[in-house]
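Here is the file target-v5.tsv (TSV, C-alpha atoms).
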```
chain	number	residue	atom	x	y	z
L	1	MET	CA	12.61	6.60	1.75
L	2	THR	CA	14.97	3.77	2.62
L	3	ILE	CA	14.10	0.15	3.38
L	4	GLU	CA	14.64	0.83	7.08
L	5	GLU	CA	12.34	3.87	6.95
L	6	LEU	CA	9.74	1.78	5.11
L	7	ASN	CA	9.90	-0.84	7.84
L	8	ASN	CA	9.49	1.87	10.51
L	9	GLU	CA	6.48	3.31	8.67
L	10	LEU	CA	4.88	-0.12	8.39
L	11	LYS	CA	5.42	-0.63	12.14
L	12	LYS	CA	3.70	2.72	12.82
L	13	LEU	CA	0.74	1.55	10.74
L	14	GLY	CA	0.59	-1.65	12.81
L	15	VAL	CA	1.42	-3.94	9.90
L	16	SER	CA	2.50	-7.39	11.04
L	17	ASP	CA	5.94	-8.68	10.00
L	18	ASP	CA	4.32	-11.70	8.34
L	19	ARG	CA	2.66	-9.47	5.70
L	20	TYR	CA	5.86	-8.35	3.95
L	21	TYR	CA	9.43	-9.35	3.15
L	22	LEU	CA	12.16	-6.74	2.68
L	23	HIS	CA	15.25	-8.50	1.32
L	24	GLY	CA	15.60	-10.58	4.47
L	25	LEU	CA	16.41	-7.44	6.46
L	26	PHE	CA	12.93	-6.63	7.77
L	27	GLY	CA	9.55	-8.29	7.89
L	28	SER	CA	9.04	-11.99	7.45
L	29	THR	CA	11.84	-14.52	7.11
L	30	ASP	CA	10.49	-15.70	3.74
L	31	ASP	CA	8.61	-14.21	0.81
L	32	LYS	CA	5.81	-16.81	0.57
L	33	ASP	CA	2.31	-15.39	0.01
L	34	LYS	CA	3.21	-11.76	0.64
L	35	ILE	CA	4.51	-8.61	-0.99
L	36	ALA	CA	8.28	-8.72	-1.19
L	37	MET	CA	11.23	-6.59	-2.21
L	38	THR	CA	14.67	-7.91	-3.10
L	39	ILE	CA	17.78	-6.04	-4.12
L	40	LYS	CA	20.07	-7.28	-6.86
L	41	MET	CA	22.84	-5.84	-8.97
L	42	GLY	CA	21.65	-4.76	-12.38
L	43	THR	CA	23.80	-3.93	-15.38
L	44	TYR	CA	24.82	-0.50	-14.10
L	45	THR	CA	23.18	-0.02	-10.72
L	46	ALA	CA	21.28	-1.76	-7.95
L	47	GLU	CA	17.77	-2.87	-8.86
L	48	TYR	CA	14.88	-3.23	-6.45
L	49	GLU	CA	12.46	-5.94	-7.48
L	50	VAL	CA	8.99	-5.80	-5.93
L	51	TYR	CA	6.63	-8.74	-6.38
L	52	TYR	CA	4.02	-10.94	-4.78
L	53	ARG	CA	4.93	-14.62	-4.39
L	54	GLU	CA	2.03	-17.05	-4.45
L	55	ARG	CA	2.27	-20.84	-4.70
L	56	GLY	CA	5.98	-20.57	-5.39
L	57	GLU	CA	5.64	-18.17	-8.34
L	58	LYS	CA	6.29	-14.43	-8.57
L	59	HIS	CA	3.41	-12.27	-9.73
L	60	SER	CA	2.98	-8.56	-10.42
L	61	THR	CA	6.73	-8.01	-10.62
L	62	ARG	CA	8.01	-4.43	-10.89
L	63	THR	CA	11.66	-3.43	-11.00
L	64	PHE	CA	12.93	-0.06	-9.77
L	65	THR	CA	16.37	1.52	-10.03
L	66	ASN	CA	15.63	3.87	-7.15
L	67	GLU	CA	15.22	2.69	-3.54
L	68	ASN	CA	12.79	5.48	-2.69
L	69	ASP	CA	10.44	4.63	-5.57
L	70	ALA	CA	10.46	0.93	-4.67
L	71	CYS	CA	9.75	1.66	-1.01
L	72	GLU	CA	6.94	4.09	-1.84
L	73	TYR	CA	5.41	1.47	-4.13
L	74	VAL	CA	5.52	-1.21	-1.39
L	75	LEU	CA	4.04	1.20	1.16
L	76	ASN	CA	1.24	2.14	-1.23
L	77	LYS	CA	0.42	-1.51	-2.00
L	78	ILE	CA	0.27	-2.47	1.68
L	79	GLN	CA	-1.86	0.58	2.53
L	80	GLU	CA	-4.18	-0.40	-0.32
L	81	GLU	CA	-4.49	-3.96	1.01
L	82	LEU	CA	-5.26	-2.70	4.54
L	83	THR	CA	-7.88	-0.29	3.21
L	84	ILE	CA	-9.58	-3.01	1.16
L	85	GLU	CA	-9.68	-5.29	4.21
L	86	LYS	CA	-11.36	-2.56	6.27
L	87	VAL	CA	-13.93	-1.92	3.55
L	88	GLN	CA	-14.70	-5.62	3.12
L	89	SER	CA	-15.51	-5.90	6.82
L	90	VAL	CA	-18.42	-3.42	6.47
L	91	VAL	CA	-21.81	-4.51	5.12
L	92	GLY	CA	-24.34	-2.24	3.40
L	93	PHE	CA	-22.39	0.51	1.66
L	94	GLY	CA	-25.20	1.15	-0.80
L	95	GLY	CA	-27.23	3.44	1.43
L	96	MET	CA	-24.32	5.24	3.11
L	97	THR	CA	-22.93	8.69	2.46
L	98	VAL	CA	-19.20	9.11	1.89
L	99	ASN	CA	-18.71	10.30	5.49
L	100	GLU	CA	-20.64	7.31	6.81
L	101	ARG	CA	-18.47	4.97	4.73
L	102	LEU	CA	-15.30	6.62	6.04
L	103	TYR	CA	-16.53	6.40	9.62
L	104	ALA	CA	-17.79	2.80	9.36
L	105	THR	CA	-14.46	1.58	8.00
L	106	GLY	CA	-12.35	3.58	10.44
L	107	LEU	CA	-10.73	5.48	7.57
L	108	MET	CA	-11.92	8.97	8.52
L	109	ASP	CA	-8.64	10.10	10.16
L	110	ASP	CA	-6.48	8.52	7.46
L	111	PHE	CA	-8.54	10.21	4.76
L	112	ASP	CA	-8.47	13.63	6.47
L	113	ARG	CA	-4.69	13.39	6.84
L	114	THR	CA	-4.06	12.28	3.27
L	115	LYS	CA	-6.54	14.70	1.71
L	116	LYS	CA	-4.18	17.55	2.60
L	117	LYS	CA	-0.83	15.85	1.95
L	118	ASN	CA	-1.38	13.06	-0.59
L	119	LYS	CA	-4.36	13.48	-2.89
L	120	THR	CA	-3.46	10.30	-4.79
L	121	ARG	CA	-3.85	8.21	-1.63
L	122	ALA	CA	-7.03	10.10	-0.69
L	123	ALA	CA	-8.51	9.34	-4.12
L	124	GLN	CA	-7.47	5.68	-3.72
L	125	ILE	CA	-9.37	5.48	-0.42
L	126	LEU	CA	-12.48	6.96	-2.04
L	127	ARG	CA	-12.29	4.55	-5.00
L	128	ILE	CA	-12.04	1.59	-2.65
L	129	LEU	CA	-15.10	2.96	-0.83
L	130	ARG	CA	-16.87	2.85	-4.22
L	131	VAL	CA	-17.24	6.63	-4.62
L	132	ASP	CA	-17.79	7.70	-8.24
L	133	GLU	CA	-15.12	9.75	-10.07
L	134	PRO	CA	-17.10	13.03	-10.38
L	135	SER	CA	-17.70	12.97	-6.61
L	136	ILE	CA	-14.03	12.21	-5.93
L	137	LYS	CA	-13.01	15.26	-7.96
L	138	LYS	CA	-15.43	17.49	-6.03
L	139	ILE	CA	-14.34	16.15	-2.65
L	140	LEU	CA	-10.64	16.61	-3.37
L	141	LYS	CA	-10.89	20.15	-4.73
```
Could I get this file's structure written as structure tokens?
Amino acid sequence: MTIEELNNELKKLGVSDDRYYLHGLFGSTDDKDKIAMTIKMGTYTAEYEVYYRERGEKHSTRTFTNENDACEYVLNKIQEELTIEKVQSVVGFGGMTVNERLYATGLMDDFDRTKKKNKTRAAQILRILRVDEPSIKKILK
């Protein structure tokens, strides 16, 4: 995945430009209070630095030597943030089944799609929905 493809994928997901910064090429015009990726020349190759800038300081910095890996990481982090926001908007998870939790958060279609193609993302959705690990393993079999 390239930076341009990442931007296109984020647009498909309906992610606002002000939630991310991609080296000044896509997304917001600055990297304040959002996930960001910058490209710089390393010792032998280009390096892709992914971080979150808050109050003027970089946090959770990860450096990649591969554009695809960096883009996949950014996409995963933004998807995780969106999923957490959906879950936090729902009250009363305690008495709900897994299907009820998926439906109430609007994650049913996303989960069904990822269950077949990306089990890591599907497991991430279930963890955010507070499903226990033994149940996650059974569901994803």
Problem set entry | Residues within 12 Å of Ile78 of chain L, all atoms listed in the file, excluding chain neighbours under 6 positions, as a VMD selection string | chain L and resid 6 to 7 9 to 11 13 to 17 19 to 21 34 to 36 52 71 to 72 84 to 85 121
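Pairwise distance (atom CA of Lys119 of chain L, atom CA of Arg62 of chain L) equals 23.2 Å.
Interatomic distance, atom CA of Thr83 of chain L against atom CA of Leu107 of chain L: 7.8 Å.
As for atom CA of Phe93 of chain L and atom CA of Val74 of chain L, they are spaced 28.1 Å apart.
Minimum atom-to-atom distance to Phe64 of chain L, evaluated using all atoms listed in the file, belongs to L:Lys40 out of L:Lys115, L:Lys40, L:Lys86, L:Arg127.
The neighbours of Met41 of chain L here are the residues that come within 12 Å of it, using all atoms listed in the file and leaving out any residue fewer than 5 positions away in the same chain; they are Ala46, Glu47, Tyr48, Glu49, Thr63, Phe64 and Thr65 of chain L.
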Problem set entry | Within-6 Å shell of (13.9, -6.3, -3.6) in input frame, all atoms listed in the file, as a PyMOL selection string | chain L and resi 23+37-39+48-50
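Nearest-residue note for Asp110 of chain L: choosing from L:Thr43, L:Asn66, L:Gln79, L:Ser135, the minimum distance belongs to L:Gln79, counting all atoms listed in the file.
In terms of minimum interatomic distance to Leu102 of chain L, L:Val90 ranks closest within L:Leu75, L:Ala70, L:Val90, L:Leu140, counting only C-alpha atoms.
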Exercise. Quick one: of L:Asp69, L:Asp112, L:Glu81, L:Asp33, who's nearest to Ile128 of chain L, counting all atoms listed in the file?
Worked result: L:Glu81
Exercise. Near Arg113 of chain L, counting all atoms listed in the file, which residues have an atom at most 9 Å away, once you skip same-chain residues fewer than 5 positions from it, shown as a PyMOL selection string?
Worked result: chain L and resi 108+118+122
Problem set entry | For Val131 of chain L: contacts at 8 Å, only C-alpha atoms, fewer than 5 positions along chain excluded, given as a VMD selection string | chain L and resid 98 126 136
